[in-house]
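Below: the structure, in structure tokens.
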Amino acid sequence: MNYILEILPSLLNGAKLTLEIFFWTLIGSLPLGLLVGLGLTSSFMPLRALLRFYVWLMRGTPLLLQLIFVFYGLPLIANGVFTLERYDAALFAFILNYTAYFAEIFRGGLQSIDQGQYESAKVLRLSYWQTIRKIITPQVIKIVLPSIGNEVINLVKDSSLVYVIGLGDLLRAGNIATSRDVTLTPLILVGIIYLILTAFCTYILQKLERHYSYWR
């Protein structure tokens, strides 16, 4: 118990960074994912083709590779003109990656809405963006919430990948303590903290699903 209390502050400090990456990635990628999802359903072919390529690229390559490329590769390509700090590089890569996944989820939700909804909105003299905000988006959220929930849970675990660019997240703190003290106790504690985080996210998502369950 004394050993656990000794290493717990460093693990919680790592968990703080993990939560920061998680929070800011969601804040950035959810609205961007909705916008890209709208673009994927656009009738403007060049925009749709460009966004499809972006989604294909992000979903077709590992997030770990994207992190390495953003932090190490971009400065080489730009001859040092364009560089990002480790934290900024991690956020940039995570937001790019998860925007693509959320965009595909939102695209499916948008395409499941009956065309009559848009026609009814025109009859009510609503603009396109009023239709999206007041009529389409609430229905899409109800449809895509379970899929969004899966990605949110994955994001909690994927945040551990930031160790590859030297950020002191939860998993890195556990690895350092394990290597230093030659014991698996830190990694067990890391696993418990991840389970607590995912359990909390699952609880919040279930509450949201119940909130939107009045649309049957």
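Each chain of the structure tokens is named A, B, ... in the order shown, its residues numbered from 1; ligands are numbered from 1 in display order.
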Residue neighbourhood Phe82 of chain A, 12 Å, only C-alpha atoms, exclusion window fewer than 3 positions, as a PyMOL selection string: chain A and resi 70-79+85+89
Let me see the file: selected residues, C-alpha atoms, as an mmCIF file, in the first residue's frame.
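So out.cif came out as:
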data_model
loop_
_atom_site.group_PDB
_atom_site.id
_atom_site.type_symbol
_atom_site.label_atom_id
_atom_site.label_comp_id
_atom_site.auth_asym_id
_atom_site.auth_seq_id
_atom_site.Cartn_x
_atom_site.Cartn_y
_atom_site.Cartn_z
ATOM 1 C CA VAL A 70 3.069 14.936 -37.731
ATOM 2 C CA PHE A 71 5.788 15.337 -35.090
ATOM 3 C CA TYR A 72 8.863 14.060 -36.928
ATOM 4 C CA GLY A 73 7.888 14.113 -40.610
ATOM 5 C CA LEU A 74 6.332 17.555 -41.101
ATOM 6 C CA PRO A 75 9.459 19.461 -39.915
ATOM 7 C CA LEU A 76 11.572 17.437 -42.364
ATOM 8 C CA ILE A 77 9.215 18.125 -45.260
ATOM 9 C CA ALA A 78 8.980 21.831 -44.389
ATOM 10 C CA ASN A 79 12.747 22.124 -43.761
ATOM 11 C CA GLU A 85 5.401 21.058 -29.880
ATOM 12 C CA ALA A 89 1.401 17.592 -32.535
#
Could you make a table, as CSV, of the residues of segment 44-148 of chain A that have an atom within 7 Å of an atom of segment 10-32 of chain A, each with its nearest atom pair and distance in Å to one decimal, counting only C-alpha atoms, in chain and number order?
residue,atom,partner,partner_atom,distance
A:Leu91,CA,A:Thr25,CA,6.4
A:Phe94,CA,A:Thr25,CA,6.2
A:Ile95,CA,A:Ser29,CA,5.1
A:Tyr98,CA,A:Ser29,CA,5.8
A:Thr99,CA,A:Ser29,CA,4.5
A:Phe102,CA,A:Leu30,CA,6.5
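Look at Ser147 of chain A: the protein and nucleic acid residues within 12 Å of it, using only C-alpha atoms and passing over chain neighbours fewer than 4 places away, are Tyr101, Phe102, Ala103, Glu104, Ile105, Phe106, Arg107, Gly108, Gly109, Val140, Ile141, Lys142, Ile143, Glu151, Val152, Ile153, Asn154, Leu205 and Glu209 of chain A.
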